[in-house]
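Peer 1: Contents of work20.tsv (TSV, C-alpha atoms):
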```tsv
chain	number	residue	atom	x	y	z
U	344	MET	CA	-88.04	-130.63	-97.03
U	345	LYS	CA	-91.19	-132.22	-98.49
U	346	LYS	CA	-90.34	-130.87	-101.93
U	347	TRP	CA	-86.88	-132.46	-101.77
U	348	LYS	CA	-88.35	-135.85	-100.79
U	349	PHE	CA	-90.87	-135.67	-103.65
U	350	SER	CA	-88.09	-134.91	-106.15
U	351	LEU	CA	-86.05	-137.83	-104.82
U	352	ILE	CA	-89.00	-140.22	-105.17
U	353	VAL	CA	-89.69	-139.01	-108.73
U	354	THR	CA	-86.02	-139.49	-109.64
U	355	ILE	CA	-85.94	-143.03	-108.19
U	356	LEU	CA	-89.15	-144.00	-109.98
U	357	ALA	CA	-87.88	-142.59	-113.29
U	358	SER	CA	-84.62	-144.53	-112.88
U	359	CYS	CA	-86.52	-147.75	-112.19
U	360	LEU	CA	-88.68	-147.27	-115.27
U	361	LEU	CA	-85.59	-146.62	-117.39
U	362	LEU	CA	-83.93	-149.79	-116.07
U	363	VAL	CA	-87.04	-151.82	-116.84
U	364	ALA	CA	-87.24	-150.35	-120.35
U	365	CYS	CA	-83.58	-151.20	-121.02
U	366	GLY	CA	-83.74	-154.62	-119.40
U	367	GLY	CA	-83.22	-156.50	-122.66
U	368	GLN	CA	-85.16	-156.68	-125.88
U	369	LYS	CA	-87.67	-159.48	-126.33
U	370	TYR	CA	-87.89	-160.85	-129.84
U	371	GLU	CA	-91.32	-161.90	-131.04
U	372	GLY	CA	-92.32	-164.19	-133.86
U	373	ASP	CA	-94.97	-166.84	-134.35
U	374	PHE	CA	-93.68	-169.05	-131.50
U	375	SER	CA	-90.69	-169.38	-129.18
U	376	TYR	CA	-88.79	-172.68	-129.02
U	377	LYS	CA	-85.66	-172.72	-126.86
U	378	VAL	CA	-82.81	-174.17	-128.92
U	379	ASP	CA	-80.91	-176.78	-126.90
U	380	ASP	CA	-77.19	-176.36	-126.37
U	381	PHE	CA	-74.96	-178.19	-128.81
U	382	THR	CA	-71.30	-178.59	-129.68
U	383	PHE	CA	-70.67	-180.07	-133.12
U	384	THR	CA	-68.00	-179.93	-135.85
U	385	ASN	CA	-67.96	-177.35	-138.64
U	386	GLN	CA	-66.77	-177.61	-142.24
U	387	ASP	CA	-63.21	-176.80	-141.14
U	388	GLY	CA	-63.14	-179.66	-138.63
U	389	GLU	CA	-63.38	-177.23	-135.72
U	390	GLU	CA	-65.69	-177.29	-132.72
U	391	PHE	CA	-68.73	-175.04	-133.07
U	392	SER	CA	-71.25	-174.52	-130.27
U	393	LYS	CA	-74.56	-172.81	-129.80
U	394	SER	CA	-72.70	-170.39	-127.53
U	395	ASP	CA	-70.79	-169.17	-130.61
U	396	LEU	CA	-74.14	-167.73	-131.76
U	397	ASP	CA	-75.04	-165.99	-128.50
U	398	GLY	CA	-76.38	-162.50	-129.12
U	399	LYS	CA	-76.74	-163.10	-132.87
U	400	ILE	CA	-79.67	-163.59	-135.21
U	401	TRP	CA	-79.26	-166.82	-137.16
U	402	ILE	CA	-81.14	-168.89	-139.71
U	403	ALA	CA	-81.04	-172.67	-139.35
U	404	ASP	CA	-81.94	-175.45	-141.75
U	405	PHE	CA	-81.42	-179.22	-142.05
U	406	ILE	CA	-79.96	-180.65	-145.25
U	407	TYR	CA	-77.70	-183.41	-146.57
U	408	THR	CA	-75.25	-183.23	-149.45
U	409	THR	CA	-76.42	-186.26	-151.45
U	410	CYS	CA	-79.99	-184.93	-151.52
U	411	ASP	CA	-80.81	-183.97	-155.11
U	412	THR	CA	-84.31	-182.56	-154.59
U	413	GLU	CA	-85.08	-180.10	-151.78
U	414	CYS	CA	-81.61	-179.46	-150.35
U	415	PRO	CA	-79.91	-177.78	-153.34
U	416	GLN	CA	-82.93	-175.52	-153.75
U	417	MET	CA	-82.95	-174.70	-150.03
U	418	THR	CA	-79.26	-173.79	-150.15
U	419	TYR	CA	-79.87	-171.62	-153.21
U	420	ASN	CA	-82.78	-169.87	-151.49
U	421	LYS	CA	-80.67	-169.28	-148.40
U	422	GLN	CA	-78.05	-167.65	-150.63
U	423	LYS	CA	-80.76	-165.36	-152.04
U	424	ILE	CA	-81.66	-164.34	-148.49
U	425	GLU	CA	-78.00	-163.70	-147.70
U	426	ARG	CA	-77.60	-161.48	-150.79
U	427	SER	CA	-80.81	-159.57	-150.02
U	428	LEU	CA	-79.70	-158.97	-146.44
U	429	THR	CA	-76.36	-157.66	-147.68
U	430	GLU	CA	-78.13	-155.33	-150.12
U	431	ALA	CA	-80.20	-154.07	-147.18
U	432	GLY	CA	-76.98	-153.33	-145.26
U	433	ILE	CA	-77.46	-156.23	-142.84
U	434	ASN	CA	-74.22	-158.20	-142.61
U	435	ASP	CA	-74.30	-159.80	-139.18
U	436	VAL	CA	-76.89	-162.57	-139.62
U	437	GLU	CA	-75.45	-166.08	-139.28
U	438	PHE	CA	-76.48	-169.06	-141.42
U	439	VAL	CA	-76.28	-172.55	-139.95
U	440	SER	CA	-76.91	-175.72	-141.97
U	441	PHE	CA	-77.08	-178.95	-139.96
U	442	SER	CA	-76.35	-182.14	-141.91
U	443	ILE	CA	-78.83	-184.93	-141.27
U	444	ASP	CA	-76.47	-187.49	-142.85
U	445	PRO	CA	-73.38	-187.14	-140.65
U	446	GLU	CA	-71.90	-190.48	-141.74
U	447	VAL	CA	-71.49	-189.21	-145.31
U	448	ASP	CA	-71.24	-185.48	-144.63
U	449	THR	CA	-67.77	-185.16	-143.16
U	450	PRO	CA	-66.30	-181.68	-142.69
U	451	GLU	CA	-64.44	-182.07	-146.00
U	452	VAL	CA	-67.63	-183.05	-147.87
U	453	LEU	CA	-69.54	-180.13	-146.37
U	454	LYS	CA	-66.76	-177.67	-147.23
U	455	GLU	CA	-66.74	-178.85	-150.84
U	456	TYR	CA	-70.55	-178.63	-150.97
U	457	GLY	CA	-70.34	-174.99	-149.92
U	458	GLU	CA	-67.38	-174.09	-152.10
U	459	VAL	CA	-68.99	-175.53	-155.24
U	460	ARG	CA	-71.93	-173.19	-154.61
U	461	GLY	CA	-69.74	-170.15	-154.05
U	462	ILE	CA	-70.53	-169.94	-150.35
U	463	GLU	CA	-68.13	-167.94	-148.23
U	464	PHE	CA	-67.87	-169.28	-144.72
U	465	ASP	CA	-67.57	-165.93	-142.92
U	466	ASN	CA	-71.13	-166.17	-141.63
U	467	TRP	CA	-72.28	-169.56	-142.93
U	468	THR	CA	-71.51	-172.72	-140.95
U	469	PHE	CA	-72.17	-176.31	-141.97
U	470	LEU	CA	-72.32	-178.75	-139.07
U	471	THR	CA	-71.69	-182.48	-138.59
U	472	GLY	CA	-69.85	-184.63	-136.03
U	473	TYR	CA	-72.77	-186.38	-134.31
U	474	ASP	CA	-74.91	-189.44	-134.94
U	475	PHE	CA	-78.28	-189.44	-136.67
U	476	ASP	CA	-80.27	-189.82	-133.44
U	477	THR	CA	-78.59	-186.75	-131.96
U	478	ILE	CA	-79.43	-184.49	-134.89
U	479	LYS	CA	-82.95	-185.89	-135.12
U	480	GLU	CA	-83.48	-185.07	-131.44
U	481	LEU	CA	-82.20	-181.50	-131.91
U	482	ALA	CA	-84.33	-180.95	-135.01
U	483	VAL	CA	-87.51	-182.21	-133.37
U	484	SER	CA	-87.09	-180.85	-129.84
U	485	SER	CA	-85.61	-177.43	-130.64
U	486	PHE	CA	-87.08	-176.63	-134.06
U	487	LYS	CA	-90.13	-178.93	-134.37
U	488	ILE	CA	-88.71	-180.12	-137.71
U	489	PRO	CA	-89.33	-183.81	-138.53
U	490	ILE	CA	-86.46	-185.98	-139.76
U	491	GLU	CA	-86.62	-189.67	-140.65
U	492	LYS	CA	-84.48	-192.19	-142.52
U	493	MET	CA	-86.41	-193.78	-145.35
U	494	LYS	CA	-87.06	-197.43	-144.47
U	495	ASP	CA	-86.27	-198.78	-147.92
U	496	ASP	CA	-83.09	-196.73	-148.44
U	497	ASP	CA	-80.63	-195.77	-145.68
U	498	SER	CA	-79.10	-193.04	-147.85
U	499	THR	CA	-82.35	-191.12	-148.29
U	500	PHE	CA	-84.02	-188.97	-145.67
U	501	MET	CA	-87.37	-187.34	-145.14
U	502	HIS	CA	-86.93	-183.92	-143.57
U	503	GLY	CA	-88.67	-180.62	-143.05
U	504	VAL	CA	-87.69	-177.78	-145.36
U	505	SER	CA	-88.15	-174.85	-142.99
U	506	PHE	CA	-85.74	-172.00	-142.49
U	507	MET	CA	-85.91	-171.20	-138.79
U	508	VAL	CA	-85.03	-167.73	-137.57
U	509	VAL	CA	-83.36	-167.87	-134.16
U	510	SER	CA	-83.27	-164.79	-131.94
U	511	PRO	CA	-80.16	-163.49	-130.13
U	512	GLU	CA	-81.72	-165.01	-127.00
U	513	GLY	CA	-81.38	-168.47	-128.57
U	514	ASN	CA	-85.04	-169.13	-129.35
U	515	ALA	CA	-86.44	-170.24	-132.70
U	516	ILE	CA	-89.21	-167.70	-133.33
U	517	LYS	CA	-90.18	-167.79	-137.01
U	518	SER	CA	-90.39	-170.36	-139.80
U	519	PHE	CA	-90.22	-169.85	-143.55
U	520	ASN	CA	-90.62	-172.42	-146.31
U	521	GLY	CA	-87.04	-172.87	-147.49
U	522	TYR	CA	-87.83	-174.98	-150.52
U	523	TYR	CA	-90.48	-172.90	-152.24
U	524	MET	CA	-89.50	-169.25	-151.94
U	525	THR	CA	-90.51	-166.44	-154.27
U	526	GLU	CA	-88.77	-163.05	-154.39
U	527	GLU	CA	-91.63	-161.67	-152.32
U	528	GLN	CA	-91.00	-164.31	-149.67
U	529	VAL	CA	-87.27	-163.52	-149.64
U	530	THR	CA	-88.27	-159.90	-148.99
U	531	GLU	CA	-90.56	-161.07	-146.20
U	532	VAL	CA	-87.61	-162.81	-144.49
U	533	VAL	CA	-85.45	-159.69	-144.81
U	534	ASP	CA	-88.25	-157.45	-143.50
U	535	PHE	CA	-88.79	-159.74	-140.52
U	536	ILE	CA	-85.08	-159.66	-139.63
U	537	GLU	CA	-84.93	-155.87	-140.12
U	538	GLY	CA	-87.77	-155.64	-137.61
U	539	MET	CA	-85.64	-157.48	-135.06
U	540	LEU	CA	-82.78	-154.97	-135.28
```
Can I see the file as structure tokens?
Peer 2:
Amino acid sequence: MKKWKFSLIVTILASCLLLVACGGQKYEGDFSYKVDDFTFTNQDGEEFSKSDLDGKIWIADFIYTTCDTECPQMTYNKQKIERSLTEAGINDVEFVSFSIDPEVDTPEVLKEYGEVRGIEFDNWTFLTGYDFDTIKELAVSSFKIPIEKMKDDDSTFMHGVSFMVVSPEGNAIKSFNGYYMTEEQVTEVVDFIEGML
């Protein structure tokens, strides 16, 4: 009788440990910023929400289409990351580019911006459909990325150039310089994402 009770206790304890071990993966980076919920408009004029990214790894950045300095280079670097991930057999990472100039960057403008650069929209979403204060709040509160309109020119913006890796749990956990990115740094991004899988 005692032996049976001991076996039962061991079985229960082992089951509990297994449940704890399988209780959901925690993704670690350099920090963990909870990304606020949002529902915006994508390049096809359709609603797109943070919930559409639930359970996925995604890379976010903040750009605008009339920017002729950092933004084109950031988009190019993001494309290099996308190609490198594909070469590594990783095809389920999402790319999200938030426009910080929503008055100019309509869905049609964003779609053309992507098409001109050969971007396929299977896993890359450009977002607009909000006012400047809304996107500034999201950038600062969820990603710690500064955004400001230049005082002397309403069509020019100061903005951070980070690529932010967001975990399937919906937390921004790692930042990479999206403007200046060597091949070694592209590899570093890919290696970091591989480590999350």
Peer 1: Could you pull the residues within 9 Å of range 536-540 of chain U, counting all atoms listed in the file, minus those fewer than 2 positions along the same chain, as a list in words?
Peer 2: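 Once the adjacent positions are removed, what remains is Tyr370, Glu371, Ile400, Leu428, Ala431, Ile433, Val436, Val508, Ser510, Glu531, Val532, Val533 and Asp534 of chain U.
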Peer 1: Identify, on the basis of only C-alpha atoms, every residue whose closest approach to Asp435 in chain U does not exceed 10 Å; exclude the query and any residue fewer than 5 positions from it along the same chain; express the result as a ChimeraX atom specification.
Peer 2: /U:399-401,428-429,465-466
Peer 1: Range 447-451 of chain U: which residues within 7 Å, counting all atoms listed in the file, same-chain residues fewer than 3 positions away excluded, as a PDB file with C-alpha atoms, in the coordinates of the input?
Peer 2:
```pdb
ATOM      1  CA  ASN U 385     -67.960-177.350-138.640  1.00  0.00           C
ATOM      2  CA  GLN U 386     -66.770-177.610-142.240  1.00  0.00           C
ATOM      3  CA  ASP U 387     -63.210-176.800-141.140  1.00  0.00           C
ATOM      4  CA  GLY U 388     -63.140-179.660-138.630  1.00  0.00           C
ATOM      5  CA  THR U 408     -75.250-183.230-149.450  1.00  0.00           C
ATOM      6  CA  SER U 442     -76.350-182.140-141.910  1.00  0.00           C
ATOM      7  CA  ASP U 444     -76.470-187.490-142.850  1.00  0.00           C
ATOM      8  CA  LYS U 454     -66.760-177.670-147.230  1.00  0.00           C
ATOM      9  CA  GLU U 455     -66.740-178.850-150.840  1.00  0.00           C
ATOM     10  CA  THR U 471     -71.690-182.480-138.590  1.00  0.00           C
TER      11      THR U 471
END
```
Peer 1: Report the distance between CA of Thr530 in chain U and CA of Phe469 in chain U in Å, rounded to one decimal place.
Peer 2: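 Atom-to-atom, CA of Thr530 in chain U to CA of Phe469 in chain U, that is 24.0 Å.
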Peer 1: What does the structure give for the distance between CA of Ala515 in chain U and CA of Lys377 in chain U, in Å to one decimal?
Peer 2: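 The value is 6.4 Å.
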Peer 1: Please indicate the distance in Å from CA of Glu437 in chain U to CA of Glu512 in chain U, rounded to one decimal place.
Peer 2: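 One can read the CA of Glu437 in chain U to CA of Glu512 in chain U distance as 13.8 Å.
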Peer 1: Excluding Thr384 in chain U and residues on its chain fewer than 2 positions from it, collect all residues at most 6 Å away from it, counting all atoms listed in the file, and give them as a list in words.
Peer 2: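 Once the nearby chain positions are removed, what remains is Gly388, Glu389, Glu390, Phe391, Leu470, Thr471 and Gly472 of chain U.
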Peer 1: Next, write the just-selected residues to a file, as a short mmCIF file (atom, residue, chain, number, x, y, z; two decimals), in the frame of the given file, keeping C-alpha atoms as the atom set.
Peer 2:
```cif
data_model
loop_
_atom_site.label_atom_id
_atom_site.label_comp_id
_atom_site.auth_asym_id
_atom_site.auth_seq_id
_atom_site.Cartn_x
_atom_site.Cartn_y
_atom_site.Cartn_z
CA GLY U 388 -63.14 -179.66 -138.63
CA GLU U 389 -63.38 -177.23 -135.72
CA GLU U 390 -65.69 -177.29 -132.72
CA PHE U 391 -68.73 -175.04 -133.07
CA LEU U 470 -72.32 -178.75 -139.07
CA THR U 471 -71.69 -182.48 -138.59
CA GLY U 472 -69.85 -184.63 -136.03
#
```
Peer 1: Hey, which of U:Val439, U:Ile516, U:Ile406, U:Ala482 ends up closest to Thr468 in chain U? Count all atoms listed in the file.
Peer 2: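 Nearest candidate to Thr468 in chain U out of U:Val439, U:Ile516, U:Ile406, U:Ala482: U:Val439.
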